[in-house]
$ cat final-v5.cif   # mmCIF, C-alpha atoms
data_protein
#
loop_
_atom_site.label_atom_id
_atom_site.label_comp_id
_atom_site.auth_asym_id
_atom_site.auth_seq_id
_atom_site.Cartn_x
_atom_site.Cartn_y
_atom_site.Cartn_z
CA MET F 26 -0.80 24.63 -28.76
CA ASN F 27 1.74 22.95 -31.03
CA GLU F 28 1.04 19.19 -31.29
CA THR F 29 4.64 18.23 -30.52
CA LEU F 30 4.73 20.51 -27.47
CA LYS F 31 1.38 19.14 -26.30
CA ARG F 32 2.67 15.56 -26.68
CA THR F 33 5.91 16.39 -24.84
CA ILE F 34 4.16 18.04 -21.87
CA SER F 35 1.59 15.26 -21.63
CA GLY F 36 4.28 12.56 -21.77
CA ALA F 37 6.43 14.34 -19.18
CA ILE F 38 3.50 14.62 -16.75
CA TYR F 39 2.75 10.90 -17.23
CA VAL F 40 6.37 9.87 -16.57
CA ILE F 41 6.73 12.14 -13.52
CA LEU F 42 3.43 10.90 -12.07
CA LEU F 43 4.42 7.29 -12.69
CA LEU F 44 7.91 7.55 -11.20
CA THR F 45 6.74 9.61 -8.21
CA SER F 46 4.03 7.12 -7.28
CA ILE F 47 6.38 4.14 -7.66
CA LEU F 48 9.15 5.73 -5.59
CA PHE F 49 6.99 7.36 -2.90
CA SER F 50 5.41 4.26 -1.37
CA THR F 51 3.74 0.92 -2.03
CA GLU F 52 0.35 2.50 -1.35
CA SER F 53 0.81 5.35 -3.86
CA PHE F 54 1.93 2.83 -6.48
CA PHE F 55 -1.15 0.67 -5.86
CA ILE F 56 -3.49 3.67 -5.90
CA LEU F 57 -2.12 5.05 -9.18
CA PHE F 58 -2.39 1.71 -10.96
CA GLY F 59 -5.84 1.22 -9.47
CA ILE F 60 -6.82 4.51 -11.11
CA PHE F 61 -5.15 3.41 -14.35
CA LEU F 62 -7.13 0.15 -14.16
CA VAL F 63 -10.46 1.97 -13.85
CA ILE F 64 -9.61 4.17 -16.85
CA ALA F 65 -8.39 1.15 -18.84
CA ILE F 66 -11.63 -0.73 -18.14
CA TYR F 67 -13.64 2.33 -19.21
CA GLU F 68 -11.64 2.67 -22.44
CA PHE F 69 -11.82 -1.03 -23.28
CA CYS F 70 -15.57 -1.12 -22.68
CA ASN F 71 -15.87 1.77 -25.14
CA LEU F 72 -13.81 -0.15 -27.71
CA VAL F 73 -15.86 -3.34 -27.50
CA GLN F 74 -19.19 -1.61 -26.67
CA ALA F 75 -19.69 -3.35 -23.34
CA ASN F 76 -21.48 -2.20 -20.20
CA LYS F 77 -19.07 -0.26 -17.97
CA VAL F 78 -20.58 -0.31 -14.47
CA PHE F 79 -20.22 -3.97 -13.50
CA PRO F 80 -16.70 -4.42 -14.99
CA MET F 81 -15.46 -1.32 -13.18
CA LEU F 82 -16.91 -2.38 -9.83
CA PHE F 83 -15.67 -5.96 -10.27
CA GLY F 84 -12.23 -4.78 -11.40
CA ILE F 85 -11.81 -2.47 -8.41
CA ALA F 86 -12.94 -5.17 -5.98
CA LEU F 87 -10.68 -7.88 -7.41
CA TYR F 88 -7.66 -5.58 -7.78
CA THR F 89 -7.99 -4.27 -4.22
CA THR F 90 -8.61 -7.66 -2.62
CA VAL F 91 -5.83 -9.59 -4.36
CA SER F 92 -3.28 -6.78 -4.12
CA LEU F 93 -3.88 -6.26 -0.41
CA LEU F 94 -3.78 -9.99 0.36
CA SER F 95 -0.60 -10.46 -1.63
CA SER F 96 1.19 -7.43 -0.23
CA TYR F 97 0.24 -7.70 3.40
CA ASN F 98 -0.20 -11.46 3.79
CA THR F 99 2.18 -11.66 6.78
CA VAL F 100 0.25 -9.11 8.80
CA THR F 101 -3.08 -10.56 7.64
CA THR F 102 -2.02 -14.09 8.54
CA GLU F 103 -0.94 -13.06 12.04
CA THR F 104 -4.20 -11.16 12.58
CA ILE F 105 -6.38 -14.04 11.40
CA ASN F 106 -4.48 -16.57 13.51
CA LYS F 107 -4.70 -14.35 16.57
CA ILE F 108 -8.46 -13.88 16.17
CA LEU F 109 -9.25 -17.51 15.35
CA ASN F 110 -6.44 -19.04 17.43
CA THR F 111 -5.28 -21.14 14.46
CA ASN F 112 -2.16 -21.76 12.41
CA PHE F 113 -3.79 -20.79 9.14
CA ASN F 114 -1.17 -20.33 6.39
CA LEU F 115 -2.53 -17.57 4.17
CA GLY F 116 0.68 -17.44 2.13
CA VAL F 117 0.08 -20.92 0.74
CA ASN F 118 -3.51 -20.05 -0.18
CA ILE F 119 -2.37 -16.85 -1.92
CA LYS F 120 0.08 -18.89 -4.00
CA HIS F 121 -2.76 -21.15 -5.05
CA LEU F 122 -4.84 -18.10 -5.97
CA ASP F 123 -1.90 -16.68 -7.95
CA ILE F 124 -1.64 -19.90 -9.96
CA VAL F 125 -5.35 -19.82 -10.80
CA LEU F 126 -5.27 -16.14 -11.80
CA MET F 127 -2.10 -16.64 -13.82
CA ALA F 128 -3.61 -19.62 -15.66
CA VAL F 129 -6.72 -17.60 -16.53
CA SER F 130 -4.64 -14.66 -17.74
CA LEU F 131 -2.35 -16.84 -19.88
CA VAL F 132 -5.31 -18.64 -21.47
CA VAL F 133 -6.85 -15.28 -22.35
CA SER F 134 -3.46 -14.11 -23.69
CA ILE F 135 -3.46 -17.09 -26.07
CA LYS F 136 -7.02 -16.20 -27.07
CA CYS F 137 -5.84 -12.63 -27.74
CA ILE F 138 -3.02 -13.89 -29.99
CA LEU F 139 -5.47 -16.07 -31.94
CA PHE F 140 -7.79 -13.05 -32.17
CA LEU F 141 -4.88 -11.01 -33.59
CA PHE F 142 -3.70 -13.42 -36.29
CA TYR F 143 -6.94 -15.04 -37.45
CA ASP F 144 -8.86 -12.87 -39.88
CA GLN F 145 -12.21 -14.53 -39.19
CA PHE F 146 -12.18 -13.10 -35.63
CA GLN F 147 -13.56 -9.71 -36.62
CA LYS F 148 -16.56 -9.67 -34.28
CA ILE F 149 -16.39 -10.06 -30.51
CA SER F 150 -19.11 -12.04 -28.76
CA THR F 151 -20.55 -10.85 -25.45
CA SER F 152 -18.87 -13.66 -23.50
CA SER F 153 -15.51 -12.89 -25.16
CA LYS F 154 -15.81 -9.20 -24.25
CA TYR F 155 -16.00 -10.00 -20.55
CA LEU F 156 -13.34 -12.70 -20.79
CA TYR F 157 -10.98 -10.18 -22.38
CA LEU F 158 -11.88 -7.67 -19.67
CA LEU F 159 -10.86 -10.17 -17.00
CA GLY F 160 -7.75 -11.76 -18.52
CA TYR F 161 -6.47 -9.00 -20.80
CA ILE F 162 -7.25 -5.92 -18.69
CA ILE F 163 -7.97 -6.59 -15.00
CA LEU F 164 -5.61 -9.47 -14.13
CA PRO F 165 -2.53 -7.92 -15.80
CA PHE F 166 -2.85 -4.85 -13.56
CA ILE F 167 -2.83 -7.20 -10.57
CA PHE F 168 0.31 -8.90 -11.89
CA ILE F 169 2.02 -5.54 -12.39
CA THR F 170 1.71 -4.92 -8.65
CA LYS F 171 2.89 -8.47 -7.89
CA ILE F 172 5.98 -8.12 -10.12
CA SER F 173 7.08 -5.09 -8.11
CA PHE F 174 7.65 -7.35 -5.09
CA GLY F 175 10.14 -9.63 -6.81
CA VAL F 176 10.89 -12.47 -4.42
CA ASN F 177 10.84 -10.40 -1.21
CA ASP F 178 9.44 -6.97 -0.34
CA TYR F 179 8.31 -4.09 -2.53
CA ASN F 180 11.20 -2.95 -4.72
CA PRO F 181 10.51 0.12 -6.88
CA LYS F 182 13.63 -0.61 -8.96
CA ILE F 183 11.95 -3.69 -10.44
CA ILE F 184 8.93 -1.87 -11.86
CA ILE F 185 10.99 1.17 -12.92
CA GLY F 186 13.45 -1.16 -14.65
CA LEU F 187 10.56 -2.84 -16.47
CA PHE F 188 9.18 0.49 -17.69
CA ILE F 189 12.64 1.64 -18.81
CA ILE F 190 12.95 -1.50 -20.92
CA ILE F 191 9.48 -0.97 -22.42
CA TRP F 192 10.18 2.69 -23.19
CA THR F 193 13.55 1.75 -24.71
CA ASN F 194 11.92 -0.91 -26.88
CA ASP F 195 9.18 1.45 -28.08
CA THR F 196 11.57 4.35 -28.73
CA PHE F 197 14.18 2.43 -30.70
CA ALA F 198 11.58 0.40 -32.58
CA PHE F 199 10.26 3.75 -33.81
CA ILE F 200 13.72 5.23 -34.54
CA VAL F 201 15.10 2.16 -36.32
CA GLY F 202 11.84 1.59 -38.19
CA LYS F 203 11.71 5.22 -39.29
CA SER F 204 15.36 5.20 -40.37
CA ILE F 205 15.85 1.87 -42.16
CA GLY F 206 12.50 0.07 -41.94
CA LYS F 207 11.36 -1.36 -45.26
CA ASN F 208 9.59 -4.63 -44.45
CA LYS F 209 6.20 -4.33 -42.78
CA LEU F 210 5.70 -6.37 -39.61
CA TYR F 211 1.90 -6.74 -39.78
CA GLU F 212 0.69 -4.09 -42.19
CA LYS F 213 -3.06 -4.72 -42.06
CA ILE F 214 -3.12 -4.08 -38.31
CA SER F 215 -0.29 -1.58 -37.82
CA PRO F 216 0.99 -0.14 -41.14
CA LYS F 217 3.88 1.79 -39.55
CA LYS F 218 5.51 -1.12 -37.72
CA THR F 219 8.42 -2.78 -39.51
CA ILE F 220 10.47 -5.94 -39.00
CA GLU F 221 13.61 -3.81 -38.79
CA GLY F 222 12.02 -1.66 -36.09
CA PHE F 223 10.95 -4.74 -34.15
CA ILE F 224 14.48 -6.20 -34.27
CA GLY F 225 16.09 -2.86 -33.42
CA GLY F 226 13.74 -2.24 -30.50
CA THR F 227 14.38 -5.72 -29.10
CA ILE F 228 18.18 -5.38 -29.39
CA PHE F 229 18.20 -2.03 -27.58
CA ALA F 230 15.75 -3.40 -24.97
CA ILE F 231 18.19 -6.24 -24.28
CA LEU F 232 21.03 -3.70 -23.97
CA ALA F 233 18.88 -1.70 -21.54
CA GLY F 234 18.20 -4.87 -19.53
CA PHE F 235 21.93 -5.55 -19.32
CA LEU F 236 22.70 -2.00 -18.15
CA ILE F 237 19.84 -2.03 -15.62
CA SER F 238 21.07 -5.27 -14.06
CA LYS F 239 24.67 -4.07 -13.93
CA TYR F 240 24.33 -0.45 -12.84
CA TYR F 241 20.79 0.14 -11.50
CA ILE F 242 19.83 -3.07 -9.70
CA ARG F 243 23.47 -3.57 -8.65
CA ALA F 244 23.30 -7.16 -7.49
CA SER F 245 26.07 -8.53 -5.31
CA PRO F 246 29.00 -10.12 -7.23
CA LYS F 247 27.75 -13.56 -6.24
CA PHE F 248 24.48 -13.04 -8.09
CA SER F 249 25.57 -10.55 -10.80
CA GLU F 250 25.54 -13.13 -13.61
CA LYS F 251 22.11 -14.39 -12.53
CA SER F 252 20.80 -10.81 -12.38
CA ILE F 253 22.06 -10.11 -15.91
CA MET F 254 20.42 -13.29 -17.19
CA ILE F 255 17.12 -12.36 -15.54
CA TRP F 256 16.99 -8.81 -16.90
CA VAL F 257 18.15 -9.76 -20.38
CA SER F 258 15.40 -12.42 -20.42
CA ILE F 259 12.82 -9.84 -19.26
CA ALA F 260 14.00 -7.53 -22.06
CA LEU F 261 13.57 -10.32 -24.62
CA ILE F 262 10.06 -11.02 -23.29
CA VAL F 263 9.24 -7.32 -23.57
CA GLY F 264 10.65 -7.09 -27.11
CA VAL F 265 8.57 -9.99 -28.39
CA PHE F 266 5.39 -9.99 -26.31
CA GLY F 267 5.28 -6.23 -25.78
CA THR F 268 5.09 -5.82 -29.55
CA ILE F 269 2.34 -8.45 -29.74
CA GLY F 270 0.45 -6.62 -26.99
CA ASP F 271 0.71 -3.38 -28.96
CA LEU F 272 -0.64 -5.14 -32.07
CA ILE F 273 -3.52 -6.72 -30.13
CA GLU F 274 -4.68 -3.34 -28.87
CA SER F 275 -4.35 -1.99 -32.42
CA LYS F 276 -6.70 -4.72 -33.66
CA PHE F 277 -9.29 -3.86 -30.99
CA LYS F 278 -9.07 -0.22 -32.11
CA ARG F 279 -9.25 -1.17 -35.79
CA ILE F 280 -12.43 -3.18 -35.24
CA ALA F 281 -13.87 -0.27 -33.21
CA GLY F 282 -12.88 2.14 -35.97
CA VAL F 283 -10.89 4.52 -33.73
CA LYS F 284 -7.33 5.82 -33.73
CA ASP F 285 -6.83 5.93 -29.94
CA SER F 286 -8.38 4.11 -27.00
CA GLY F 287 -9.12 7.44 -25.30
CA ASN F 288 -8.04 11.08 -25.06
CA ILE F 289 -6.97 11.42 -21.44
CA MET F 290 -3.37 12.08 -22.53
CA PRO F 291 -3.25 14.80 -25.23
CA GLY F 292 -1.03 13.69 -28.11
CA HIS F 293 -0.73 10.14 -26.74
CA GLY F 294 -4.31 8.87 -26.60
CA GLY F 295 -5.61 6.84 -23.70
CA ILE F 296 -4.19 4.81 -20.84
CA LEU F 297 -4.47 1.61 -22.89
CA ASP F 298 -2.39 3.24 -25.62
CA ARG F 299 0.36 3.89 -23.06
CA LEU F 300 0.14 0.58 -21.19
CA ASP F 301 -0.76 -1.90 -23.94
CA SER F 302 2.72 -3.45 -23.87
CA VAL F 303 3.12 -3.75 -20.11
CA ILE F 304 -0.32 -5.23 -19.47
CA PHE F 305 0.30 -7.99 -22.02
CA VAL F 306 3.79 -8.88 -20.77
CA ALA F 307 2.97 -8.65 -17.02
CA PRO F 308 1.47 -12.16 -16.64
CA ILE F 309 4.32 -13.65 -18.71
CA ILE F 310 6.98 -11.95 -16.59
CA PHE F 311 5.18 -13.08 -13.43
CA LEU F 312 5.25 -16.67 -14.78
CA PHE F 313 8.96 -16.20 -15.53
CA TYR F 314 9.53 -15.17 -11.89
CA GLN F 315 7.65 -18.25 -10.66
CA ILE F 316 9.77 -20.53 -12.81
CA LEU F 317 12.94 -18.90 -11.49
CA ASN F 318 11.79 -19.36 -7.89
CA TYR F 319 10.88 -22.99 -8.57
CA VAL F 320 14.23 -23.95 -10.13
CA SER F 321 16.41 -21.89 -7.78
#
$ encode --input "final-v5.cif" --output "structure tokens"
Amino acid sequence: MNETLKRTISGAIYVILLLTSILFSTESFFILFGIFLVIAIYEFCNLVQANKVFPMLFGIALYTTVSLLSSYNTVTTETINKILNTNFNLGVNIKHLDIVLMAVSLVVSIKCILFLFYDQFQKISTSSKYLYLLGYIILPFIFITKISFGVNDYNPKIIIGLFIIIWTNDTFAFIVGKSIGKNKLYEKISPKKTIEGFIGGTIFAILAGFLISKYYIRASPKFSEKSIMIWVSIALIVGVFGTIGDLIESKFKRIAGVKDSGNIMPGHGGILDRLDSVIFVAPIIFLFYQILNYVS
């Protein structure tokens, strides 16, 4: 089969599966990303040569527990209080848990950035492997599910909007870089990425964020300006940190001596190759949401 045709079919199946699961129900969205998480853990363990069994079991347990508690805390709280005859406030405890998980993920994100830009970090210690697994792989998948709830209930438009921005950034970074790119962004890690492509991708991502807020999210007139500000800010976060996330995964692959993280998607590589941007920006966008809620 022609490589371009293979890549097109594989990409189309991925997009259809993703959109269908997001739009069908909260449960289908959680299940699909739970499957993606398992595959991502498997691929990352292959890259860093770590044991797979414990990380996969731990990842599934943590993802399932935190996601269920966060998504159904009202029902869970009522059930617990009815059984124990208490006024236990699970929502407050979940917020505390979110802060702890977010802090861990952000610390690991900083470690990943240092790992990317410092040449002496060419070998990964055993402790670092499992720290990366927790903060760079497992926790971001949890934050992806949390982002989809915004400030209220599950809203598929939020996560679809985020993926549209990421796809826009990736697509136009490639187009602009291919067309006019002359200055390499970080040649020793990703020879094809250019500064022009990075700037072009970010500009078009911001445009996509503006259009999403105005025509897809369709906030009420009272909050339209705030909605535009939020989505333009998300697009800027994606443009900058999504690119860094892509480079970080490229460094893991370079150290492992492989082109792709896996081969589950013909022509595209592995799940990590498709989700490297979103998993790195997810904790940062979740932090952005928390700041907005705090100041509003």
$ residues_around --input "final-v5.cif" --residues "F:Val303" --least-positions-apart "3" --cutoff "9 Å" --atoms "only C-alpha atoms" --output "list of chain:residue names"
F:Pro165, F:Phe166, F:Ile169, F:Leu187, F:Phe188, F:Ile191, F:Val263, F:Gly267, F:Gly270, F:Arg299, F:Leu300, F:Val306, F:Ala307
$ closest_atom_pairs --input "final-v5.cif" --of "stretch 233-275 of chain F" --to "stretch 192-202 of chain F" --cutoff "12 Å" --atoms "only C-alpha atoms" --output "Markdown table"
| residue | atom | partner | partner_atom | distance |
| --- | --- | --- | --- | --- |
| F:Ala233 | CA | F:Thr193 | CA | 7.1 |
| F:Gly234 | CA | F:Thr193 | CA | 9.6 |
| F:Leu236 | CA | F:Thr193 | CA | 11.9 |
| F:Ile237 | CA | F:Thr193 | CA | 11.7 |
| F:Ile259 | CA | F:Asn194 | CA | 11.8 |
| F:Ala260 | CA | F:Asn194 | CA | 8.4 |
| F:Leu261 | CA | F:Asn194 | CA | 9.8 |
| F:Ile262 | CA | F:Asn194 | CA | 10.9 |
| F:Val263 | CA | F:Asn194 | CA | 7.7 |
| F:Gly264 | CA | F:Asn194 | CA | 6.3 |
| F:Val265 | CA | F:Asn194 | CA | 9.8 |
| F:Phe266 | CA | F:Asn194 | CA | 11.2 |
| F:Gly267 | CA | F:Asn194 | CA | 8.6 |
| F:Thr268 | CA | F:Asp195 | CA | 8.5 |
| F:Gly270 | CA | F:Asp195 | CA | 11.9 |
| F:Asp271 | CA | F:Asp195 | CA | 9.8 |
$ write_last_selection --input "final-v5.cif" --atoms "C-alpha atoms" --output "CSV table (one decimal), keeping the file's coordinate frame"
chain,number,residue,atom,x,y,z
F,233,ALA,CA,18.9,-1.7,-21.5
F,234,GLY,CA,18.2,-4.9,-19.5
F,236,LEU,CA,22.7,-2.0,-18.2
F,237,ILE,CA,19.8,-2.0,-15.6
F,259,ILE,CA,12.8,-9.8,-19.3
F,260,ALA,CA,14.0,-7.5,-22.1
F,261,LEU,CA,13.6,-10.3,-24.6
F,262,ILE,CA,10.1,-11.0,-23.3
F,263,VAL,CA,9.2,-7.3,-23.6
F,264,GLY,CA,10.6,-7.1,-27.1
F,265,VAL,CA,8.6,-10.0,-28.4
F,266,PHE,CA,5.4,-10.0,-26.3
F,267,GLY,CA,5.3,-6.2,-25.8
F,268,THR,CA,5.1,-5.8,-29.6
F,270,GLY,CA,0.4,-6.6,-27.0
F,271,ASP,CA,0.7,-3.4,-29.0
$ atom_distance --input "final-v5.cif" --atom1 "atom CA of F:Thr227" --atom2 "atom CA of F:Ser215"
17.6 Å
$ atom_distance --input "final-v5.cif" --atom1 "atom CA of F:Thr151" --atom2 "atom CA of F:Leu62"
20.7 Å
$ closest_residue --input "final-v5.cif" --among "F:Ile224, F:Leu43, F:Ile309, F:Val257" --to "F:Phe55" --atoms "all atoms listed in the file"
F:Leu43
$ atom_distance --input "final-v5.cif" --atom1 "atom CA of F:Phe313" --atom2 "atom CA of F:Ile185"
17.7 Å
$ closest_residue --input "final-v5.cif" --among "F:Tyr155, F:Phe223, F:Phe229, F:Tyr179" --to "F:Glu52" --atoms "only C-alpha atoms"
F:Tyr179
$ build_atoms --input "final-v5.cif" --residues "stretch 260-272 of chain F" --atoms "N, CA, C and O atoms" --output "short mmCIF file (atom, residue, chain, number, x, y, z; two decimals), keeping the file's coordinate frame"
data_model
loop_
_atom_site.label_atom_id
_atom_site.label_comp_id
_atom_site.auth_asym_id
_atom_site.auth_seq_id
_atom_site.Cartn_x
_atom_site.Cartn_y
_atom_site.Cartn_z
N ALA F 260 13.94 -8.41 -20.88
CA ALA F 260 14.00 -7.53 -22.06
C ALA F 260 13.56 -8.26 -23.33
O ALA F 260 12.86 -7.70 -24.17
N LEU F 261 13.97 -9.52 -23.46
CA LEU F 261 13.57 -10.32 -24.62
C LEU F 261 12.06 -10.56 -24.61
O LEU F 261 11.40 -10.48 -25.66
N ILE F 262 11.52 -10.85 -23.42
CA ILE F 262 10.06 -11.02 -23.29
C ILE F 262 9.34 -9.75 -23.69
O ILE F 262 8.34 -9.78 -24.42
N VAL F 263 9.86 -8.61 -23.24
CA VAL F 263 9.24 -7.32 -23.57
C VAL F 263 9.31 -7.06 -25.08
O VAL F 263 8.33 -6.64 -25.69
N GLY F 264 10.49 -7.34 -25.68
CA GLY F 264 10.65 -7.09 -27.11
C GLY F 264 9.66 -7.87 -27.95
O GLY F 264 9.05 -7.33 -28.89
N VAL F 265 9.45 -9.13 -27.60
CA VAL F 265 8.57 -9.99 -28.39
C VAL F 265 7.11 -9.79 -28.01
O VAL F 265 6.26 -9.43 -28.85
N PHE F 266 6.80 -10.01 -26.73
CA PHE F 266 5.39 -9.99 -26.31
C PHE F 266 4.84 -8.58 -26.13
O PHE F 266 3.63 -8.36 -26.24
N GLY F 267 5.73 -7.62 -25.84
CA GLY F 267 5.28 -6.23 -25.78
C GLY F 267 4.79 -5.75 -27.14
O GLY F 267 3.78 -5.05 -27.24
N THR F 268 5.50 -6.17 -28.19
CA THR F 268 5.09 -5.82 -29.55
C THR F 268 3.76 -6.49 -29.90
O THR F 268 2.88 -5.86 -30.51
N ILE F 269 3.61 -7.75 -29.50
CA ILE F 269 2.34 -8.45 -29.74
C ILE F 269 1.20 -7.75 -29.00
O ILE F 269 0.10 -7.58 -29.54
N GLY F 270 1.46 -7.33 -27.76
CA GLY F 270 0.45 -6.62 -26.99
C GLY F 270 0.02 -5.33 -27.66
O GLY F 270 -1.16 -4.98 -27.67
N ASP F 271 0.99 -4.61 -28.22
CA ASP F 271 0.71 -3.38 -28.96
C ASP F 271 -0.18 -3.68 -30.17
O ASP F 271 -1.15 -2.96 -30.44
N LEU F 272 0.14 -4.76 -30.89
CA LEU F 272 -0.64 -5.14 -32.07
C LEU F 272 -2.06 -5.56 -31.70
O LEU F 272 -3.02 -5.26 -32.42
#
